[in-house]
Structures are given as structure tokens and as C-alpha cells.
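Heads up: the structure comes next, in C-alpha cells.
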Amino acid sequence: APTFTPRSHTSAFLSVSTRFRYIPTMAEEEDYGFEYSDEEPDDEDFDIENAFYNAEALFQSGAYTEALAGFEEVLRLEEEKGEWGFKALEKIVQILYRENDLENMLGRYKELLEYIKTAVTRNESEKSINAILEFVSAAQQSSLLQEFYETTLQALHEAKNERLWFKTNLKLGKMWFEAGEFQKLTRVLRELQKSCRKDDGSDDHRKGTALLEVYALEIQMYTATKNTKKLKSLYQRALLVKSAIPHPNIMGIIRECG
């Protein structure tokens, strides 16, 4: 008698799904951007990714010398500037900071900034730059900090990343305010004011939120230096800004001035 071998539900489903497989029309392929290729992923990409994570493991374990060599290997493997090289340079900067090799750290940071033009997204750039400036600020070395910020601002200007340029300059201004470096703060404020003005020199109220952030920083400075005349003028100008969604802290500083 013939034997019957039951198949699993899965294999039965695969058999049916193979026989009745849906094949998209050419129009649908065009609409949804489907691409069919028999090409295998590039082995080189896997090598670079593996090299990065191997170096990252060494970094996390505190083996910084070996990790540094590993991240340098990532840069060697990645022939064109890309995501893994950017991440590797971020780690290299951190290691050099830990080793207090500040001169080399600045050089590698400049190398990292070359990637923000085309190799990584603006979000990735912002996250990395903010993280590096954060731990450099903790060093409390005024000359080093100023050089890092100036290098960053120049690179952001060249990359035409106005949003991050403004945020970085604003962060620098707040840092000088907290340090009581009002002369340096004044120079930063000039740059910030200029970025919020029209060609005729008047305030650009289309940049209302940014304007109020600049006003708030100026108000803090003039409050600290007891310049009442400037405070009154700034408060009146701030009241004219209507199209803005400022942080509550910003409005608190401005209202306190009034």
C-alpha cells in the first residue's frame, strides 16, 4: 500500500505561496522604486563594520592603545569618507583627549569635520559635534576651547549648516557668559545678531525664535554688567517679536527684564 508522509503547515504554506506568488507589474515596480538584484553585499563593508565593532569593544574595556590602532584600521579600510570613518574619528578624538594629547586631538577633530560636508547626515554631525564640545568644555582650558569652537564654526559655515552654526555659537556665548568673559561674549553676540538681521540691518522677525534667544543672552549680560539703558531697549525690541516659539526659560529671562 502506498505510504503517506504528512507535511508540516509551514512547508505546505511555502509550497502554496510559491505556486501563487504575487508578481508586481512594471508600473508598480516603477511606483514603489522596487529594484531586483542578484548582487551580494560587499564583503568590504562587512570588514569595515567588524573592524569598528572590534575596536569599540577594546575601547569599552579600557584598552585604549589597542582601540586606537583598531579605529585607525577602520580609516584605512574605508577608501572613501563614510559613516564608519566618521564614527572611528569620533572615538579617536575621545581617546586622544583621555591621553591628554591635545595637539593631535585637535588635528583629528579637524579631520572629522571634513566628513560633515558630504559623508554623514546633519543629525549625525550635530550629535557628534555636541558630544565632543561637551567633554572638551569640561577641560576648562580657555584657549583650547576657543580653538575647538572656532574650528567648528568655520567648518559649519563652509558646510552651509546655518542651524548648527547658530546653535554652536549660542552655546559658546552661554559658556563665555558663565565664565564672566563679557568681551568674548560681545564678539559672539555680534555674530549671532548679524545672522538674525535683514540686508538693511533691521531685525528679521521671520527668525523670531532665534532672535529671542539672542535677546535673552544679551539681557543676561547687561543685567550682570548693570547696563539699565541697554536692558530697556532690548526689552522693547523683544516685545515686537510675534512669530516665535521660544523655550519657557527664554521668555522667563525676557519677562524678568521687564
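Residues in the C-alpha cells are named by chain (A, B, ... in the order shown) and by number from 1 within that chain; ligands are numbered from 1 in the order shown.
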
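Every protein, DNA or RNA residue with an atom at most 10 Å from Ala51 (chain A), where only C-alpha atoms count and chain neighbours fewer than 4 positions away do not, is listed here: Asp45, Phe46, Asp47, Ala55, Glu56, Gly70, Phe71, Glu72, Glu73, Val74, Leu75, Leu77, Trp84 and Ala88 of chain A.
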
Write out as JSON lines the residues of region 136-203 of chain A that have any atom within 9 Å of an atom of region 95-112 of chain A, one row each with the nearest atom pair and its distance in Å to one decimal, counting only C-alpha atoms, sorted by chain and then rising number.
```
{"residue": "A:Val136", "atom": "CA", "partner": "A:Tyr97", "partner_atom": "CA", "distance": 7.9}
{"residue": "A:Leu144", "atom": "CA", "partner": "A:Leu102", "partner_atom": "CA", "distance": 8.1}
{"residue": "A:Glu147", "atom": "CA", "partner": "A:Leu106", "partner_atom": "CA", "distance": 8.4}
{"residue": "A:Phe148", "atom": "CA", "partner": "A:Leu106", "partner_atom": "CA", "distance": 7.1}
{"residue": "A:Thr151", "atom": "CA", "partner": "A:Lys110", "partner_atom": "CA", "distance": 7.2}
{"residue": "A:Thr152", "atom": "CA", "partner": "A:Lys110", "partner_atom": "CA", "distance": 8.1}
{"residue": "A:Ala155", "atom": "CA", "partner": "A:Lys110", "partner_atom": "CA", "distance": 8.4}
```

Exercise. Between CA of Ala216 (chain A) and CA of Arg237 (chain A), what is the distance, to one decimal in Å?
Worked result: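 It comes out at 11.3 Å.
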
Exercise. Within 12 Å of Cys196 (chain A), counting only C-alpha atoms, which residues qualify if same-chain residues fewer than 2 places away don't, as a PyMOL selection string?
Worked result: chain A and resi 162-163+166+189-194+198-215

Problem set entry | Surrounding residues of Gly173 (chain A) excluding itself and chain neighbours under 4 positions, 10 Å, only C-alpha atoms, as a list in words |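 Here the qualifying residues turn out to be Lys167, Thr168, Asn169, Phe177, Glu178, Ala179, Glu181, Phe182, Lys184, Leu185, Thr186, Arg187, Val188, Leu189, Leu192, Val214, Leu217 and Glu218 of chain A.
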
Would you write out those residues with all heavy atoms, as a short mmCIF file (atom, residue, chain, number, x, y, z; two decimals), in the first residue's frame?
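In the end it all went to again26.cif:
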```cif
data_model
loop_
_atom_site.label_atom_id
_atom_site.label_comp_id
_atom_site.auth_asym_id
_atom_site.auth_seq_id
_atom_site.Cartn_x
_atom_site.Cartn_y
_atom_site.Cartn_z
N LYS A 167 23.38 77.33 16.68
CA LYS A 167 23.29 76.65 17.98
C LYS A 167 24.66 76.55 18.65
O LYS A 167 24.78 76.71 19.86
CB LYS A 167 22.67 75.26 17.81
CG LYS A 167 21.19 75.28 17.46
CD LYS A 167 20.64 73.89 17.22
CE LYS A 167 20.58 73.09 18.49
NZ LYS A 167 19.93 71.77 18.29
N THR A 168 25.70 76.28 17.85
CA THR A 168 27.05 76.17 18.39
C THR A 168 27.55 77.52 18.88
O THR A 168 28.16 77.62 19.96
CB THR A 168 28.00 75.60 17.32
OG1 THR A 168 27.51 74.33 16.88
CG2 THR A 168 29.41 75.41 17.89
N ASN A 169 27.28 78.57 18.12
CA ASN A 169 27.70 79.92 18.52
C ASN A 169 26.95 80.35 19.78
O ASN A 169 27.52 81.00 20.67
CB ASN A 169 27.42 80.92 17.39
CG ASN A 169 28.64 81.76 17.06
OD1 ASN A 169 29.61 81.79 17.80
ND2 ASN A 169 28.59 82.44 15.95
N PHE A 177 29.48 83.64 28.97
CA PHE A 177 28.71 84.35 30.00
C PHE A 177 28.95 83.72 31.37
O PHE A 177 29.20 84.43 32.36
CB PHE A 177 27.21 84.32 29.67
CG PHE A 177 26.34 84.83 30.78
CD1 PHE A 177 26.26 86.19 31.04
CD2 PHE A 177 25.62 83.95 31.59
CE1 PHE A 177 25.47 86.68 32.09
CE2 PHE A 177 24.84 84.42 32.63
CZ PHE A 177 24.76 85.78 32.88
N GLU A 178 28.87 82.40 31.43
CA GLU A 178 29.07 81.70 32.71
C GLU A 178 30.48 81.90 33.25
O GLU A 178 30.70 81.90 34.47
CB GLU A 178 28.77 80.20 32.53
CG GLU A 178 27.29 79.92 32.32
CD GLU A 178 27.01 78.49 31.90
OE1 GLU A 178 27.98 77.69 31.83
OE2 GLU A 178 25.84 78.15 31.64
N ALA A 179 31.44 82.09 32.34
CA ALA A 179 32.83 82.32 32.75
C ALA A 179 33.10 83.79 33.08
O ALA A 179 34.19 84.13 33.53
CB ALA A 179 33.78 81.85 31.65
N GLU A 181 33.34 86.12 30.87
CA GLU A 181 34.18 86.67 29.79
C GLU A 181 33.30 87.52 28.86
O GLU A 181 32.96 87.14 27.75
CB GLU A 181 34.82 85.51 29.00
CG GLU A 181 35.77 84.66 29.81
CD GLU A 181 37.18 85.24 29.81
OE1 GLU A 181 37.37 86.36 29.28
OE2 GLU A 181 38.09 84.58 30.34
N PHE A 182 32.95 88.72 29.35
CA PHE A 182 31.96 89.54 28.64
C PHE A 182 32.49 90.13 27.33
O PHE A 182 31.72 90.37 26.40
CB PHE A 182 31.44 90.65 29.55
CG PHE A 182 30.73 90.11 30.77
CD1 PHE A 182 31.11 90.50 32.04
CD2 PHE A 182 29.69 89.20 30.64
CE1 PHE A 182 30.46 90.00 33.17
CE2 PHE A 182 29.04 88.69 31.75
CZ PHE A 182 29.43 89.09 33.02
N LYS A 184 34.56 88.58 25.24
CA LYS A 184 34.43 87.48 24.27
C LYS A 184 32.96 87.22 23.93
O LYS A 184 32.62 86.93 22.78
CB LYS A 184 35.08 86.21 24.83
CG LYS A 184 36.60 86.30 24.94
CD LYS A 184 37.18 85.04 25.54
CE LYS A 184 38.70 85.16 25.64
NZ LYS A 184 39.33 83.96 26.27
N LEU A 185 32.10 87.34 24.94
CA LEU A 185 30.66 87.17 24.72
C LEU A 185 30.13 88.22 23.75
O LEU A 185 29.32 87.92 22.87
CB LEU A 185 29.92 87.26 26.06
CG LEU A 185 28.39 87.30 26.00
CD1 LEU A 185 27.83 86.10 25.24
CD2 LEU A 185 27.80 87.37 27.41
N THR A 186 30.61 89.46 23.89
CA THR A 186 30.17 90.54 23.00
C THR A 186 30.48 90.23 21.54
O THR A 186 29.66 90.48 20.64
CB THR A 186 30.83 91.87 23.41
OG1 THR A 186 30.48 92.18 24.76
CG2 THR A 186 30.38 93.01 22.50
N ARG A 187 31.67 89.66 21.30
CA ARG A 187 32.04 89.29 19.92
C ARG A 187 31.11 88.21 19.38
O ARG A 187 30.70 88.26 18.20
CB ARG A 187 33.50 88.81 19.89
CG ARG A 187 34.51 89.93 20.07
CD ARG A 187 35.89 89.52 19.59
NE ARG A 187 36.45 88.45 20.41
CZ ARG A 187 37.22 88.65 21.47
NH1 ARG A 187 37.51 89.90 21.85
NH2 ARG A 187 37.72 87.64 22.15
N VAL A 188 30.77 87.24 20.21
CA VAL A 188 29.85 86.17 19.78
C VAL A 188 28.47 86.75 19.49
O VAL A 188 27.83 86.40 18.49
CB VAL A 188 29.76 85.07 20.86
CG1 VAL A 188 28.67 84.06 20.52
CG2 VAL A 188 31.10 84.36 21.01
N LEU A 189 28.02 87.65 20.36
CA LEU A 189 26.69 88.25 20.17
C LEU A 189 26.60 89.02 18.86
O LEU A 189 25.56 89.01 18.21
CB LEU A 189 26.37 89.17 21.35
CG LEU A 189 25.93 88.46 22.64
CD1 LEU A 189 25.90 89.44 23.81
CD2 LEU A 189 24.57 87.80 22.46
N LEU A 192 25.91 86.50 16.20
CA LEU A 192 24.53 86.00 16.32
C LEU A 192 23.52 87.04 15.86
O LEU A 192 22.55 86.72 15.17
CB LEU A 192 24.25 85.60 17.77
CG LEU A 192 24.99 84.36 18.28
CD1 LEU A 192 24.84 84.22 19.79
CD2 LEU A 192 24.49 83.10 17.58
N VAL A 214 18.83 85.23 21.26
CA VAL A 214 19.94 86.20 21.28
C VAL A 214 19.62 87.32 22.28
O VAL A 214 20.48 87.71 23.08
CB VAL A 214 20.20 86.78 19.88
CG1 VAL A 214 21.29 87.84 19.93
CG2 VAL A 214 20.60 85.66 18.92
N LEU A 217 20.20 86.20 25.86
CA LEU A 217 21.61 86.15 26.23
C LEU A 217 22.17 87.56 26.46
O LEU A 217 22.93 87.80 27.42
CB LEU A 217 22.41 85.42 25.15
CG LEU A 217 23.89 85.14 25.44
CD1 LEU A 217 24.07 84.37 26.75
CD2 LEU A 217 24.52 84.36 24.28
N GLU A 218 21.75 88.49 25.60
CA GLU A 218 22.17 89.89 25.78
C GLU A 218 21.64 90.45 27.10
O GLU A 218 22.35 91.15 27.83
CB GLU A 218 21.65 90.74 24.62
CG GLU A 218 22.41 90.61 23.33
CD GLU A 218 21.93 91.61 22.29
OE1 GLU A 218 22.49 92.73 22.26
OE2 GLU A 218 21.01 91.28 21.53
#
```
